[in-house]
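The structure appears right after this line, and notes come after that.
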Amino acid sequence: MIEAQPQNQRAQRAGSWWPRLNRGALTWGRLTLTLHAFLMYLFLYGPILVLVVFSFTRDEFGVRWTGFTLEWYVRMFANDRLMGAAGNTLYVAFVSTVVSTILGTLLALAMERHRFRGRTGVDAVIYLPVVIPEIAMAVSLLAFSSLALEFIRVVTGEVVRRSLVTVIIGHIAFSISFVTIVVRASLKHFDRRLEEAARDLGANSWQTFWRITFPMILPGILGGALLAFTLSLDNFIISLFLSGPGTSLLPVEVYNKVRRAVTPEINAISTLMLAFSITLVVLSQLVQRRR
Amino acid sequence: MALSSFEREQQRREQRRLMALLAPGMFWLLVFFLLPLLVILVYSFLTNGPRGNLVWQPTLQNYVDLFTQASYVNAYVRSLWISVLTTLFALLLGYPLALFIVKQPPRARLVLLILVLIPFWTNFLVRIYAWQIILANNGLINTTLGTLGLPTLFLLNTEGATLLGLVYGELPFMVLPIYAALDRFDFTLMEAGADLGASKWRAFWHIMLPMTMPGVAAGAVLVFIPTVGQFVVSELLGGAKVDYIGNLIQRLFLRSNPPNWPLGSAMSTVMMVVLLGFILLYFRSTTEEDR
């Protein structure tokens, strides 16, 4: 994803795992820029650090340091409602990732490999979910689902409520676009002569796809899938509008608690959620660089 | 003759392949994204019943209310204004940070860039919540001030806190496109400018900034749009004291008793039309630059 030209060979010296910063002549401009960058990283990570630290405090309001305890983590794991919500969240993320990765990859192949009438229109439909505010998508899905559920009731006579199914449908609808964008980027760098070579050597198009194309765009597909997975895990707005009675998701639970007050228990859940996503990203970056 | 029928067969096969790639994803996006937007558009012209039920009677009243009642007009103005401020602050803080990162040797660049990316992959809600711990009346800043014997400050539940949270949440979206633009920028142009007698500031204003403008524009769009529709930050850090469009829409759909979906739909529609206007403006300006 990130291609950097080697500028300073010294920095790439084997064995120095800690990246070197640029050390040129010290000017006022450079000094201010460095100080600014330092403050910005403090700005980005300070609150996260505070959150983590205060998930271990004894203070029952979760805002003062009064000594170390693991009590809040113990309580959190004993809270059936929260654990159920966590399970739901993982389930929704898993299903929506599988579906949106397949649909998004197919769309990416269609867009990069074919020229057809109405391509610009399709392009616009793919990008739109990324650019419109999430709340607009959430309320439209809510209104649509209430119409659709009413329709089902009239036709089949069965009362269907909003549930994890409606949440999954919504998550897929916004994840498809992100997967498509990531996979398209990996298809752009693809050398199509490799496919021609395979065809010349007698492979049919099915074999060519599975033996040549698929393995080569796999990192892109996995990148898209990981993005879809984290987007679903973290999604809160669409989940809030689309989840039904009794089907709660972790971010929605956190939102409902947070609106009332700070508690160390929320600090603990939040810390685990952050740790989980950060682990996922770092792992994916490591895997991508190994290749 | 035989060849042309073979070609036709080939073309037909190509057509079928395209449909197989395109159909599943497009089906999902048409049914679960575009159709719901249409539903919202229809709802916005319907009447709200006394108990929040839909009455299928066409009216323009929702739009009339929207543009004439001060509280609604104010919400729009406030949302657009705080989005402009957020975009400006994100730009002022993000540009120097992107510049600092670009100036580093490759390995440091990579690490610094991943550090900017990580917040993007972690839960927005949780990161915003973390500021509550810092800003609350009995929070980190005020307890520190208290121990130092200084007067405490009223920080949480202010519009300043909302702005702070928005800038904090959106900063990565500004840094990444600017970084991409600076990465393509040829820094020897700055030396050329200096050789011709331009000061550093002059060279920045007349060479670097104009040439990295596409990145700035992309970052501005990525920050501005979600900010217009936000409701979480103003609720968690602003204390929901004043209404932004997002807060109003959420309340009309989920909280008010009775709910008013038609009015909420009209609000969402107007917001989207305004934002799509901005997006079109953006696309027009970028394509003109390419020409």
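Starting from 1 in every chain, residues are counted up; chains themselves are A, B, ... following the order of the structure tokens, and ligands are numbered from 1 as listed.
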Using only C-alpha atoms, find each residue of region 106-169 of chain B with at least one atom at most 9 Å away from an atom of region 239-247 of chain B; report its shortest atom-to-atom pair and that distance in Å (one decimal), sort the rows by chain and rising residue number, and return the result as JSON lines.
{"residue": "B:Leu156", "atom": "CA", "partner": "B:Gly239", "partner_atom": "CA", "distance": 7.4}
{"residue": "B:Asn157", "atom": "CA", "partner": "B:Gly239", "partner_atom": "CA", "distance": 4.2}
{"residue": "B:Thr158", "atom": "CA", "partner": "B:Gly239", "partner_atom": "CA", "distance": 7.0}
{"residue": "B:Glu159", "atom": "CA", "partner": "B:Val242", "partner_atom": "CA", "distance": 8.3}
{"residue": "B:Thr162", "atom": "CA", "partner": "B:Gly239", "partner_atom": "CA", "distance": 8.7}
For Val232 (chain B): contacts at 10 Å, only C-alpha atoms, fewer than 3 positions along chain excluded, given as an mmCIF file with N, CA and C atoms, in the first residue's frame:
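The resulting file, part32.cif, is shown below:
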data_model
loop_
_atom_site.group_PDB
_atom_site.id
_atom_site.type_symbol
_atom_site.label_atom_id
_atom_site.label_comp_id
_atom_site.auth_asym_id
_atom_site.auth_seq_id
_atom_site.Cartn_x
_atom_site.Cartn_y
_atom_site.Cartn_z
ATOM 1 N N PHE A 236 -21.382 1.522 14.319
ATOM 2 C CA PHE A 236 -22.294 1.760 15.402
ATOM 3 C C PHE A 236 -23.561 2.443 14.900
ATOM 4 N N ILE A 237 -23.443 3.305 13.900
ATOM 5 C CA ILE A 237 -24.608 4.074 13.474
ATOM 6 C C ILE A 237 -25.637 3.181 12.768
ATOM 7 N N TYR A 255 -22.385 2.686 23.537
ATOM 8 C CA TYR A 255 -23.011 4.001 23.323
ATOM 9 C C TYR A 255 -24.086 4.260 24.370
ATOM 10 N N ARG A 259 -23.556 7.305 27.204
ATOM 11 C CA ARG A 259 -24.398 8.485 27.239
ATOM 12 C C ARG A 259 -24.772 8.849 28.663
ATOM 13 N N PHE B 124 -14.309 4.578 16.500
ATOM 14 C CA PHE B 124 -14.478 6.024 16.602
ATOM 15 C C PHE B 124 -15.159 6.406 17.919
ATOM 16 N N LEU B 125 -16.242 5.691 18.234
ATOM 17 C CA LEU B 125 -17.021 5.947 19.440
ATOM 18 C C LEU B 125 -16.143 5.895 20.691
ATOM 19 N N ILE B 128 -13.691 8.782 20.936
ATOM 20 C CA ILE B 128 -14.359 10.017 21.355
ATOM 21 C C ILE B 128 -14.669 9.949 22.853
ATOM 22 N N TYR B 129 -15.117 8.779 23.290
ATOM 23 C CA TYR B 129 -15.429 8.585 24.705
ATOM 24 C C TYR B 129 -14.212 8.876 25.578
ATOM 25 N N THR B 162 -16.863 19.720 21.380
ATOM 26 C CA THR B 162 -17.348 19.075 20.155
ATOM 27 C C THR B 162 -16.344 19.268 19.025
ATOM 28 N N GLY B 165 -13.231 17.174 19.555
ATOM 29 C CA GLY B 165 -13.463 15.765 19.256
ATOM 30 C C GLY B 165 -13.541 15.509 17.764
ATOM 31 N N LEU B 166 -14.172 16.434 17.027
ATOM 32 C CA LEU B 166 -14.297 16.255 15.581
ATOM 33 C C LEU B 166 -12.935 16.327 14.903
ATOM 34 N N GLY B 229 -22.887 15.195 8.957
ATOM 35 C CA GLY B 229 -23.931 14.280 9.423
ATOM 36 C C GLY B 229 -23.727 13.723 10.815
ATOM 37 N N GLU B 235 -23.075 14.764 20.944
ATOM 38 C CA GLU B 235 -23.832 14.203 22.062
ATOM 39 C C GLU B 235 -22.901 13.846 23.225
ATOM 40 N N LEU B 236 -21.773 13.191 22.912
ATOM 41 C CA LEU B 236 -20.877 12.719 23.972
ATOM 42 C C LEU B 236 -20.005 13.839 24.533
ATOM 43 N N LEU B 237 -19.527 14.741 23.694
ATOM 44 C CA LEU B 237 -18.632 15.791 24.184
ATOM 45 C C LEU B 237 -19.336 17.139 24.287
ATOM 46 N N GLY B 238 -20.345 17.362 23.436
ATOM 47 C CA GLY B 238 -21.068 18.630 23.479
ATOM 48 C C GLY B 238 -22.235 18.593 24.454
ATOM 49 N N GLY B 239 -22.516 17.399 25.001
ATOM 50 C CA GLY B 239 -23.607 17.272 25.961
ATOM 51 C C GLY B 239 -24.976 17.461 25.343
ATOM 52 N N ALA B 240 -25.067 17.358 24.017
ATOM 53 C CA ALA B 240 -26.344 17.509 23.298
ATOM 54 C C ALA B 240 -27.052 18.799 23.690
ATOM 55 N N GLY B 246 -27.470 15.962 12.428
ATOM 56 C CA GLY B 246 -27.426 14.542 12.794
ATOM 57 C C GLY B 246 -28.259 14.263 14.034
ATOM 58 N N ASN B 247 -28.150 15.129 15.055
ATOM 59 C CA ASN B 247 -28.916 14.941 16.288
ATOM 60 C C ASN B 247 -30.411 14.996 16.015
#
Counting only C-alpha atoms, the residue of A:Ala108, A:Val139, A:Ala93, A:Val183 that sits nearest Val165 (chain A)
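Once distances to Val165 (chain A) are computed over only C-alpha atoms, the minimum belongs to A:Ala93.
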Return as a PyMOL selection string the residues belonging to chain B that are within 7 Å of chain A, counting only C-alpha atoms. chain B and resi 18+21-22+24-25+28-29+32-33+36-37+39-40+96-97+100+104-108+118+121-123+126-127+130-131+133+138-140+168+225-226+229+236+268+272
Helix (DSSP H, G or I) positions in region 28-191 of chain A, given as a PyMOL selection string
chain A and resi 28-53+71-78+80-113+119-131+134-156+164-188
Between B:Gly146, B:Gly160, B:Pro50, B:Pro172, smallest distance to Pro119 (chain B) by only C-alpha atoms belongs to B:Pro172
One residue among B:Thr87, B:Arg251, B:Ala161, B:Ser234 is nearest to Ala218 (chain B) when using only C-alpha atoms, and that residue is B:Thr87
Review point. In Å, with one decimal, what is the gap from CA of Asp200 (chain A) to CA of Ala185 (chain A)?
Key: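 Pair CA of Asp200 (chain A) / CA of Ala185 (chain A) returns 26.5 Å.
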Margin query: Residues near Ile212 (chain A), anyone? I mean within 12 Å using only C-alpha atoms, not counting same-chain ones fewer than 4 positions away, as a list in words.
Written below: Phe190, Asp191, Arg192, Arg193, Leu194, Glu195, Glu196, Ala197, Ala198, Arg199, Ala203, Asn204, Ser205, Trp206, Gln207, Thr208, Met216, Ile217 and Leu218 of chain A
Leaving out Leu242 (chain A) and any residue of its chain fewer than 5 positions from it, which residues lie within 7 Å of it when counting only C-alpha atoms, given as a ChimeraX atom specification? /A:142,162,166-167
Which one of B:Asp65, B:Glu14, B:Glu170, B:Glu7 sits closest to Leu85 (chain B) if you count only C-alpha atoms?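 Among the listed residues, the smallest separation from Leu85 (chain B) belongs to B:Glu170.
CA of Ala136 (chain B) is positioned 18.4 Å from CA of Gly169 (chain B).
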*asked:* I'd like the neighbourhood of region 55-61 of chain B as a list in words, where a residue qualifies if any of its atoms comes within 12 Å (using only C-alpha atoms), though same-chain residues fewer than 3 positions away should be ignored.
replied: Leu41, Val42, Tyr43, Ser44, Phe45, Leu46, Thr47, Asn48, Gly49, Pro50, Arg51, Gly52, Val64, Asp65, Leu66, Phe67, Thr68, Gln69, Asn260, Trp261, Pro262, Leu263 and Ala266 of chain B
Written file, previous selection with C-alpha atoms, as a compact mmCIF listing (two decimals), in the first residue's frame:
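What follows is the written file part13.txt:
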# COMPACT_ATOMS: atom_id res chain seq x y z
CA LEU B 41 -37.35 10.60 -0.74
CA VAL B 42 -40.95 9.32 -0.92
CA TYR B 43 -41.36 9.47 2.88
CA SER B 44 -40.24 13.09 2.88
CA PHE B 45 -43.41 14.02 0.97
CA LEU B 46 -45.79 12.12 3.29
CA THR B 47 -47.75 13.29 6.31
CA ASN B 48 -46.97 12.27 9.86
CA GLY B 49 -49.95 10.85 11.77
CA PRO B 50 -50.84 11.87 15.34
CA ARG B 51 -49.13 8.78 16.81
CA GLY B 52 -46.12 8.88 14.55
CA VAL B 64 -41.70 24.16 4.33
CA ASP B 65 -41.03 23.52 8.04
CA LEU B 66 -37.41 22.75 7.32
CA PHE B 67 -36.74 26.04 5.60
CA THR B 68 -38.90 28.28 7.77
CA GLN B 69 -38.60 27.09 11.37
CA ASN B 260 -41.66 11.96 12.84
CA TRP B 261 -40.17 9.94 10.01
CA PRO B 262 -41.42 12.18 7.16
CA LEU B 263 -39.73 15.26 8.62
CA ALA B 266 -36.88 15.49 4.44
| field | Selection near region 179-194 of chain B, 12 Å with only C-alpha atoms, sequence-local residues under 6 positions removed, as a ChimeraX atom specification | value | /A:1-5 /B:91,94-104,106,109-110,112-113,116-117,172-173,200-219
Using only N, CA and C atoms, please write the residues we just selected to a file, as a compact mmCIF listing (two decimals), in the first residue's frame.
# COMPACT_ATOMS: atom_id res chain seq x y z
N MET A 1 0.82 -1.19 0.00
CA MET A 1 0.00 0.00 0.00
C MET A 1 0.87 1.26 0.00
N ILE A 2 1.93 1.19 0.80
CA ILE A 2 2.77 2.36 0.92
C ILE A 2 4.08 2.07 0.22
N GLU A 3 4.35 2.81 -0.84
CA GLU A 3 5.60 2.59 -1.53
C GLU A 3 6.50 3.77 -1.30
N ALA A 4 7.60 3.53 -0.68
CA ALA A 4 8.51 4.63 -0.40
C ALA A 4 9.81 4.39 -1.15
N GLN A 5 10.34 5.44 -1.73
CA GLN A 5 11.60 5.33 -2.44
C GLN A 5 12.74 5.38 -1.42
N LEU B 91 -6.86 20.75 8.49
CA LEU B 91 -5.89 21.11 7.46
C LEU B 91 -4.66 21.77 8.08
N GLY B 94 -2.94 19.04 10.00
CA GLY B 94 -2.58 17.85 9.23
C GLY B 94 -1.51 18.09 8.18
N TYR B 95 -1.51 19.28 7.54
CA TYR B 95 -0.54 19.52 6.48
C TYR B 95 0.90 19.45 6.98
N PRO B 96 1.24 20.18 8.06
CA PRO B 96 2.62 20.08 8.56
C PRO B 96 2.99 18.66 8.98
N LEU B 97 2.02 17.91 9.52
CA LEU B 97 2.32 16.54 9.93
C LEU B 97 2.66 15.68 8.71
N ALA B 98 1.86 15.83 7.64
CA ALA B 98 2.12 15.07 6.41
C ALA B 98 3.49 15.44 5.85
N LEU B 99 3.80 16.73 5.92
CA LEU B 99 5.09 17.21 5.41
C LEU B 99 6.24 16.60 6.20
N PHE B 100 6.09 16.57 7.53
CA PHE B 100 7.11 15.97 8.38
C PHE B 100 7.34 14.51 8.00
N ILE B 101 6.23 13.77 7.80
CA ILE B 101 6.35 12.34 7.49
C ILE B 101 7.05 12.13 6.15
N VAL B 102 6.67 12.92 5.15
CA VAL B 102 7.27 12.76 3.82
C VAL B 102 8.77 12.99 3.86
N LYS B 103 9.20 13.89 4.73
CA LYS B 103 10.62 14.24 4.79
C LYS B 103 11.49 13.18 5.47
N GLN B 104 10.88 12.15 6.04
CA GLN B 104 11.66 11.14 6.77
C GLN B 104 12.19 10.06 5.84
N PRO B 106 12.73 6.21 4.47
CA PRO B 106 11.65 5.26 4.20
C PRO B 106 11.11 4.50 5.41
N ARG B 109 9.22 6.70 7.77
CA ARG B 109 8.00 7.10 7.09
C ARG B 109 6.90 6.08 7.27
N LEU B 110 7.29 4.81 7.03
CA LEU B 110 6.32 3.72 7.09
C LEU B 110 5.71 3.63 8.48
N LEU B 112 5.64 5.93 10.86
CA LEU B 112 4.86 7.13 11.19
C LEU B 112 3.51 7.12 10.48
N LEU B 113 3.49 6.60 9.25
CA LEU B 113 2.26 6.55 8.48
C LEU B 113 1.29 5.53 9.08
N VAL B 116 -0.47 6.91 11.92
CA VAL B 116 -1.61 7.77 11.58
C VAL B 116 -2.81 6.92 11.18
N LEU B 117 -2.51 5.78 10.52
CA LEU B 117 -3.58 4.90 10.03
C LEU B 117 -4.32 4.17 11.14
N PRO B 172 -6.82 11.94 10.74
CA PRO B 172 -6.18 10.98 9.83
C PRO B 172 -6.68 11.09 8.39
N PHE B 173 -7.97 11.44 8.21
CA PHE B 173 -8.52 11.52 6.86
C PHE B 173 -7.95 12.71 6.10
N LYS B 200 11.47 30.79 1.68
CA LYS B 200 10.81 29.51 1.91
C LYS B 200 9.31 29.62 1.87
N TRP B 201 8.79 30.70 2.50
CA TRP B 201 7.35 30.91 2.53
C TRP B 201 6.78 31.11 1.15
N ARG B 202 7.49 31.96 0.38
CA ARG B 202 7.05 32.23 -0.99
C ARG B 202 7.02 30.96 -1.80
N ALA B 203 8.07 30.16 -1.66
CA ALA B 203 8.14 28.90 -2.41
C ALA B 203 7.00 27.98 -1.99
N PHE B 204 6.70 27.98 -0.68
CA PHE B 204 5.61 27.14 -0.19
C PHE B 204 4.28 27.58 -0.80
N TRP B 205 4.02 28.91 -0.73
CA TRP B 205 2.73 29.43 -1.21
C TRP B 205 2.57 29.30 -2.71
N HIS B 206 3.69 29.50 -3.44
CA HIS B 206 3.55 29.56 -4.90
C HIS B 206 3.88 28.25 -5.61
N ILE B 207 4.58 27.35 -4.93
CA ILE B 207 4.93 26.08 -5.60
C ILE B 207 4.29 24.88 -4.90
N MET B 208 4.66 24.66 -3.62
CA MET B 208 4.27 23.43 -2.95
C MET B 208 2.75 23.34 -2.73
N LEU B 209 2.17 24.40 -2.17
CA LEU B 209 0.74 24.35 -1.87
C LEU B 209 -0.13 24.17 -3.13
N PRO B 210 0.10 24.97 -4.19
CA PRO B 210 -0.73 24.76 -5.39
C PRO B 210 -0.57 23.36 -5.97
N MET B 211 0.66 22.83 -5.93
CA MET B 211 0.86 21.52 -6.55
C MET B 211 0.32 20.37 -5.73
N THR B 212 0.11 20.61 -4.42
CA THR B 212 -0.45 19.54 -3.59
C THR B 212 -1.93 19.78 -3.31
N MET B 213 -2.50 20.76 -4.02
CA MET B 213 -3.90 21.12 -3.81
C MET B 213 -4.88 19.94 -4.00
N PRO B 214 -4.66 19.05 -4.99
CA PRO B 214 -5.59 17.91 -5.11
C PRO B 214 -5.68 17.09 -3.82
N GLY B 215 -4.56 16.91 -3.14
CA GLY B 215 -4.56 16.18 -1.87
C GLY B 215 -5.34 16.94 -0.81
N VAL B 216 -5.14 18.26 -0.76
CA VAL B 216 -5.85 19.09 0.21
C VAL B 216 -7.36 19.01 -0.05
N ALA B 217 -7.74 19.07 -1.34
CA ALA B 217 -9.16 19.03 -1.69
C ALA B 217 -9.76 17.68 -1.31
N ALA B 218 -9.04 16.60 -1.59
CA ALA B 218 -9.55 15.26 -1.24
C ALA B 218 -9.71 15.13 0.26
N GLY B 219 -8.71 15.62 1.02
CA GLY B 219 -8.78 15.56 2.48
C GLY B 219 -9.96 16.38 3.00
